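Have a look at model-v3.cif; it's mmCIF, C-alpha atoms:
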data_model
#
loop_
_atom_site.group_PDB
_atom_site.id
_atom_site.type_symbol
_atom_site.label_atom_id
_atom_site.label_comp_id
_atom_site.auth_asym_id
_atom_site.auth_seq_id
_atom_site.Cartn_x
_atom_site.Cartn_y
_atom_site.Cartn_z
ATOM 1 C CA MET U 112 104.485 71.158 110.992
ATOM 2 C CA ALA U 113 104.381 71.296 107.203
ATOM 3 C CA ARG U 114 104.572 67.505 106.899
ATOM 4 C CA ASN U 115 101.799 67.132 109.490
ATOM 5 C CA GLU U 116 99.594 69.200 107.156
ATOM 6 C CA ASN U 117 100.618 67.047 104.158
ATOM 7 C CA ILE U 118 102.609 69.906 102.634
ATOM 8 C CA PRO U 119 105.580 68.532 100.662
ATOM 9 C CA VAL U 120 108.991 69.617 101.969
ATOM 10 C CA GLN U 121 112.160 69.473 99.873
ATOM 11 C CA ARG U 122 115.759 70.197 100.779
ATOM 12 C CA VAL U 123 117.623 71.882 97.924
ATOM 13 C CA ASP U 124 120.846 73.804 97.471
ATOM 14 C CA ARG U 125 121.058 77.569 97.828
ATOM 15 C CA GLN U 126 121.280 78.162 94.076
ATOM 16 C CA ARG U 127 117.848 76.574 93.608
ATOM 17 C CA LEU U 128 116.368 78.793 96.320
ATOM 18 C CA ASP U 129 117.957 81.860 94.731
ATOM 19 C CA LYS U 130 116.119 81.073 91.478
ATOM 20 C CA PHE U 131 112.776 80.933 93.278
ATOM 21 C CA ALA U 132 113.396 84.178 95.140
ATOM 22 C CA PRO U 133 115.769 86.381 93.106
ATOM 23 C CA GLU U 134 117.060 89.522 94.798
ATOM 24 C CA THR U 135 115.290 88.525 98.021
ATOM 25 C CA ALA U 136 116.767 87.686 101.426
ATOM 26 C CA HIS U 137 115.028 84.306 101.697
ATOM 27 C CA GLN U 138 117.135 83.208 104.722
ATOM 28 C CA GLY U 139 117.288 79.638 103.478
ATOM 29 C CA VAL U 140 113.555 78.969 103.331
ATOM 30 C CA VAL U 141 111.105 79.446 100.447
ATOM 31 C CA ALA U 142 107.420 78.544 100.417
ATOM 32 C CA LEU U 143 105.607 78.065 97.118
ATOM 33 C CA ALA U 144 101.929 78.872 97.444
ATOM 34 C CA ALA U 145 99.042 79.406 95.079
ATOM 35 C CA ALA U 146 98.015 82.998 94.438
ATOM 36 C CA ARG U 147 95.461 84.271 96.939
ATOM 37 C CA GLU U 148 91.938 83.615 95.747
ATOM 38 C CA TYR U 149 89.601 86.513 95.128
ATOM 39 C CA VAL U 150 86.286 86.727 96.956
ATOM 40 C CA GLU U 151 82.885 88.103 96.013
ATOM 41 C CA VAL U 152 81.793 91.557 97.180
ATOM 42 C CA GLU U 153 78.897 89.865 98.990
ATOM 43 C CA ASP U 154 81.378 87.763 100.973
ATOM 44 C CA ILE U 155 83.089 90.914 102.227
ATOM 45 C CA LEU U 156 79.812 92.473 103.360
ATOM 46 C CA LYS U 157 78.598 89.282 105.040
ATOM 47 C CA ALA U 158 81.772 89.139 107.130
ATOM 48 C CA VAL U 159 81.116 92.553 108.720
ATOM 49 C CA GLN U 160 80.199 92.081 112.369
ATOM 50 C CA PRO U 161 76.640 93.014 113.454
ATOM 51 C CA GLY U 162 76.458 96.610 114.625
ATOM 52 C CA GLU U 163 79.681 97.561 112.825
ATOM 53 C CA ALA U 164 79.609 99.993 109.901
ATOM 54 C CA PRO U 165 81.226 98.435 106.821
ATOM 55 C CA LEU U 166 84.378 100.070 105.485
ATOM 56 C CA LEU U 167 85.522 99.110 101.991
ATOM 57 C CA MET U 168 88.261 100.437 99.762
ATOM 58 C CA LEU U 169 87.803 100.625 95.981
ATOM 59 C CA LEU U 170 90.865 101.045 93.774
ATOM 60 C CA ASP U 171 90.350 102.578 90.346
ATOM 61 C CA GLU U 172 93.123 101.181 88.094
ATOM 62 C CA ILE U 173 96.087 100.869 90.451
ATOM 63 C CA HIS U 174 98.753 99.482 88.111
ATOM 64 C CA ASP U 175 101.803 99.326 90.381
ATOM 65 C CA PRO U 176 101.886 96.059 92.381
ATOM 66 C CA HIS U 177 103.990 97.774 95.070
ATOM 67 C CA ASN U 178 101.250 100.363 95.512
ATOM 68 C CA LEU U 179 98.592 97.669 95.700
ATOM 69 C CA GLY U 180 100.613 95.782 98.300
ATOM 70 C CA ALA U 181 101.148 98.912 100.376
ATOM 71 C CA ILE U 182 97.419 99.716 100.217
ATOM 72 C CA LEU U 183 96.544 96.195 101.399
ATOM 73 C CA ARG U 184 98.960 96.615 104.288
ATOM 74 C CA THR U 185 97.261 99.866 105.285
ATOM 75 C CA ALA U 186 93.808 98.325 104.826
ATOM 76 C CA GLU U 187 94.670 95.480 107.177
ATOM 77 C CA ALA U 188 96.132 97.817 109.787
ATOM 78 C CA ALA U 189 93.162 100.192 109.643
ATOM 79 C CA GLY U 190 90.499 97.509 109.864
ATOM 80 C CA VAL U 191 89.155 97.880 106.320
ATOM 81 C CA HIS U 192 86.765 94.986 105.709
ATOM 82 C CA GLY U 193 87.777 94.426 102.107
ATOM 83 C CA VAL U 194 89.309 95.860 98.946
ATOM 84 C CA ILE U 195 87.694 95.900 95.503
ATOM 85 C CA ILE U 196 89.667 96.168 92.264
ATOM 86 C CA PRO U 197 88.598 96.032 88.585
ATOM 87 C CA ARG U 198 89.436 92.964 86.508
ATOM 88 C CA ARG U 199 90.980 95.034 83.724
ATOM 89 C CA ARG U 200 93.666 97.700 83.900
ATOM 90 C CA SER U 201 94.596 96.855 87.465
ATOM 91 C CA ALA U 202 97.487 95.044 89.126
ATOM 92 C CA PRO U 203 96.382 91.507 90.132
ATOM 93 C CA LEU U 204 97.397 89.711 93.323
ATOM 94 C CA THR U 205 100.937 88.540 92.646
ATOM 95 C CA GLN U 206 104.044 87.628 94.622
ATOM 96 C CA THR U 207 105.213 91.217 94.352
ATOM 97 C CA VAL U 208 101.923 92.417 95.840
ATOM 98 C CA ALA U 209 102.198 89.843 98.617
ATOM 99 C CA ARG U 210 105.737 90.912 99.516
ATOM 100 C CA SER U 211 104.842 94.597 99.420
ATOM 101 C CA SER U 212 101.846 93.949 101.674
ATOM 102 C CA ALA U 213 104.088 92.445 104.389
ATOM 103 C CA GLY U 214 101.666 89.524 104.685
ATOM 104 C CA ALA U 215 98.469 91.592 104.724
ATOM 105 C CA VAL U 216 97.279 89.882 101.522
ATOM 106 C CA GLU U 217 96.534 86.839 103.696
ATOM 107 C CA TYR U 218 94.097 88.778 105.871
ATOM 108 C CA VAL U 219 92.410 91.362 103.656
ATOM 109 C CA PRO U 220 89.753 89.918 101.313
ATOM 110 C CA VAL U 221 90.045 91.249 97.766
ATOM 111 C CA ALA U 222 87.169 91.171 95.267
ATOM 112 C CA ARG U 223 87.736 91.638 91.551
ATOM 113 C CA VAL U 224 84.803 93.020 89.584
ATOM 114 C CA ALA U 225 84.031 93.538 85.909
ATOM 115 C CA ASN U 226 82.744 97.087 86.309
ATOM 116 C CA LEU U 227 83.756 99.285 89.242
ATOM 117 C CA ALA U 228 81.129 101.965 88.522
ATOM 118 C CA MET U 229 78.297 99.408 88.564
ATOM 119 C CA THR U 230 79.676 97.922 91.777
ATOM 120 C CA MET U 231 79.513 101.372 93.334
ATOM 121 C CA GLU U 232 75.826 101.601 92.423
ATOM 122 C CA ASP U 233 75.200 98.213 94.031
ATOM 123 C CA LEU U 234 76.996 99.306 97.208
ATOM 124 C CA LYS U 235 74.831 102.418 97.377
ATOM 125 C CA LYS U 236 71.708 100.250 97.230
ATOM 126 C CA LYS U 237 73.094 98.334 100.200
ATOM 127 C CA GLY U 238 73.357 101.542 102.208
ATOM 128 C CA LEU U 239 77.002 102.506 101.752
ATOM 129 C CA TRP U 240 78.139 106.040 100.996
ATOM 130 C CA ILE U 241 80.893 106.446 98.408
ATOM 131 C CA ALA U 242 83.702 108.911 99.087
ATOM 132 C CA GLY U 243 86.327 109.518 96.410
ATOM 133 C CA ALA U 244 89.709 111.186 96.760
ATOM 134 C CA ASP U 245 90.087 113.792 94.030
ATOM 135 C CA ALA U 246 92.133 116.963 93.618
ATOM 136 C CA GLY U 247 88.947 118.803 92.644
ATOM 137 C CA GLY U 248 87.018 117.689 95.717
ATOM 138 C CA ARG U 249 84.852 120.327 97.422
ATOM 139 C CA GLU U 250 85.861 119.422 100.986
ATOM 140 C CA LEU U 251 89.123 118.676 102.722
ATOM 141 C CA TYR U 252 89.059 115.021 103.740
ATOM 142 C CA TRP U 253 89.073 115.819 107.456
ATOM 143 C CA ASP U 254 85.982 118.030 107.074
ATOM 144 C CA ALA U 255 83.874 115.359 105.343
ATOM 145 C CA ARG U 256 81.644 113.054 107.369
ATOM 146 C CA LEU U 257 83.203 109.600 107.122
ATOM 147 C CA ASP U 258 81.772 107.778 110.127
ATOM 148 C CA GLY U 259 78.966 105.699 108.579
ATOM 149 C CA PRO U 260 78.835 102.719 106.183
ATOM 150 C CA LEU U 261 81.448 103.759 103.670
ATOM 151 C CA ALA U 262 83.441 102.871 100.589
ATOM 152 C CA LEU U 263 86.607 104.892 99.953
ATOM 153 C CA VAL U 264 87.713 105.252 96.321
ATOM 154 C CA ILE U 265 91.355 105.822 95.384
ATOM 155 C CA GLY U 266 92.324 106.640 91.800
ATOM 156 C CA GLY U 267 95.154 105.276 89.689
ATOM 157 C CA GLU U 268 98.699 106.573 89.716
ATOM 158 C CA ASP U 269 98.495 108.454 86.407
ATOM 159 C CA LYS U 270 95.000 109.841 85.986
ATOM 160 C CA GLY U 271 93.268 109.619 89.358
ATOM 161 C CA LEU U 272 89.579 108.726 89.343
ATOM 162 C CA GLY U 273 87.989 107.866 86.020
ATOM 163 C CA ARG U 274 85.016 109.937 84.867
ATOM 164 C CA LEU U 275 82.336 107.290 85.443
ATOM 165 C CA VAL U 276 83.758 106.384 88.841
ATOM 166 C CA LYS U 277 83.937 110.036 89.847
ATOM 167 C CA GLU U 278 80.338 110.665 88.790
ATOM 168 C CA ARG U 279 79.119 107.861 91.042
ATOM 169 C CA CYS U 280 80.804 109.146 94.182
ATOM 170 C CA ASP U 281 78.470 110.682 96.766
ATOM 171 C CA MET U 282 81.243 113.036 97.797
ATOM 172 C CA LEU U 283 84.668 114.037 96.524
ATOM 173 C CA VAL U 284 87.286 115.109 99.019
ATOM 174 C CA ARG U 285 90.773 116.464 98.586
ATOM 175 C CA PHE U 286 94.019 116.378 100.526
ATOM 176 C CA PRO U 287 95.659 119.722 101.328
ATOM 177 C CA MET U 288 98.715 120.263 99.138
ATOM 178 C CA TYR U 289 100.997 123.080 100.252
ATOM 179 C CA GLY U 290 104.057 122.194 98.207
ATOM 180 C CA ARG U 291 104.785 122.277 94.493
ATOM 181 C CA ILE U 292 103.701 118.687 93.862
ATOM 182 C CA ASN U 293 99.966 118.469 93.224
ATOM 183 C CA SER U 294 99.233 114.849 94.123
ATOM 184 C CA LEU U 295 100.105 112.094 96.593
ATOM 185 C CA ASN U 296 101.148 108.517 95.973
ATOM 186 C CA ALA U 297 98.041 106.314 95.851
ATOM 187 C CA SER U 298 99.094 104.254 98.867
ATOM 188 C CA VAL U 299 99.729 107.402 100.925
ATOM 189 C CA ALA U 300 96.312 108.794 99.979
ATOM 190 C CA ALA U 301 94.694 105.483 100.960
ATOM 191 C CA ALA U 302 96.421 105.577 104.356
ATOM 192 C CA LEU U 303 95.351 109.147 105.109
ATOM 193 C CA PHE U 304 91.785 108.389 104.038
ATOM 194 C CA ALA U 305 91.449 105.160 106.037
ATOM 195 C CA TYR U 306 92.886 106.606 109.224
ATOM 196 C CA GLU U 307 90.643 109.652 109.058
ATOM 197 C CA VAL U 308 87.727 107.204 109.077
ATOM 198 C CA LEU U 309 89.188 105.583 112.193
ATOM 199 C CA ARG U 310 89.596 108.980 113.834
ATOM 200 C CA GLN U 311 86.000 109.904 113.152
ATOM 201 C CA ARG U 312 84.694 106.535 114.309
ATOM 202 C CA ARG U 313 86.886 106.841 117.410
ATOM 203 C CA LYS U 314 87.601 103.142 117.590
ATOM 204 C CA THR U 315 89.409 102.023 120.714
ATOM 205 C CA PHE U 316 92.097 99.354 120.684
#

As structure tokens, how would this structure be written, given the file I've shared?
Amino acid sequence: MARNENIPVQRVDRQRLDKFAPETAHQGVVALAAAREYVEVEDILKAVQPGEAPLLMLLDEIHDPHNLGAILRTAEAAGVHGVIIPRRRSAPLTQTVARSSAGAVEYVPVARVANLAMTMEDLKKKGLWIAGADAGGRELYWDARLDGPLALVIGGEDKGLGRLVKERCDMLVRFPMYGRINSLNASVAAALFAYEVLRQRRKTF
């Protein structure tokens, strides 16, 4: 099938494969592919089906590629239309992200923008509400209305939402924390947030 698509195929020894995929169970096959291309925010919005409320996920300085991959996996499973990350101070799309996403990087469009706060303003003008996850949020996330055109904002692992990003959110919601730890992993927060949107929209599958 690869040759039919003019994709070069080489047979090499196991040591060569091990160099391409260190510490990975490659099972005797390795594919070398270009990094996934980024898209424009407009491309994500144009792909939303007529009559469907857009659902985007904005990531404010997620540095850990494993977290980014896990968030993309959740986004794909929950039907998020696209993910937006900043160009600076954010993990890019890499092999580690692809592996952590369990293949979701191939299906979830990712836009990379110069200024996340300005992008939020543009999304508002297009009719989206912005909901940020923050420990100081006024509402619990399951009490907030999340059923319309929406962009969910998840903060970085160390500091959460940045000041400018937080100021541009239409609402800040929090997750209930009953233990001694006062925050959740970013990918866990993204999963809770996205699936609460699904619950409120009552999508059927």

Specify as a PyMOL selection string each residue included when the PyMOL selection byres ((chain U and resi 251) around 6) is applied to this file.
chain U and resi 250+252-254+284-286

Using the selection just defined, write its residues with C-alpha atoms as a short mmCIF file (atom, residue, chain, number, x, y, z; two decimals), in the frame of the given file.
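Saved the output as out_6.cif:
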data_model
loop_
_atom_site.label_atom_id
_atom_site.label_comp_id
_atom_site.auth_asym_id
_atom_site.auth_seq_id
_atom_site.Cartn_x
_atom_site.Cartn_y
_atom_site.Cartn_z
CA GLU U 250 85.86 119.42 100.99
CA TYR U 252 89.06 115.02 103.74
CA TRP U 253 89.07 115.82 107.46
CA ASP U 254 85.98 118.03 107.07
CA VAL U 284 87.29 115.11 99.02
CA ARG U 285 90.77 116.46 98.59
CA PHE U 286 94.02 116.38 100.53
#

Residues picked by the PyMOL selection byres ((chain U and resi 222-239) around 8) here, as a PyMOL selection string?
chain U and resi 149-152+165+169+171+193-199+220-221+240-241+259-262+275-276+279-280

Dump as a PyMOL selection string all residues having an atom at most 12 Å from (84.1, 112.1, 87.8), computed in the file's coordinates with all atoms listed in the file.
chain U and resi 171+228+242-248+264+266+270-283

Residues within 12 Å of Gln160 of chain U, only C-alpha atoms, excluding chain neighbours under 5 positions, as a VMD selection string:
chain U and resid 155 165 to 166 190 192

The PyMOL selection byres ((chain U and resi 183) around 10) resolved against shown file, as an NGL selection string
:U and (168 or 177-182 or 184-189 or 191 or 193-194 or 208-209 or 211-221 or 298 or 301-302)

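Residue nearest Arg122 of chain U within the list U:Leu170, U:Ala136, U:Ala305, U:Ala142: U:Ala142 [criterion: smallest interatomic distance, all atoms listed in the file].
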
Mind giving me the straight-line distance from atom CA of Glu307 of chain U to atom CA of Leu263 of chain U in Å, one decimal?
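Computed distance, atom CA of Glu307 of chain U to atom CA of Leu263 of chain U, equals 11.0 Å.
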
In file coordinates, which residues lie within 12 Å of (78.3, 109.7, 111.3) using all atoms listed in the file, given as a PyMOL selection string?
chain U and resi 164+240+255-261+308-313

Suppose you want the space between atom CA of Thr205 of chain U and atom CA of Thr135 of chain U; what is it in Å?
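Computing the Euclidean distance for atom CA of Thr205 of chain U and atom CA of Thr135 of chain U yields 15.3 Å.
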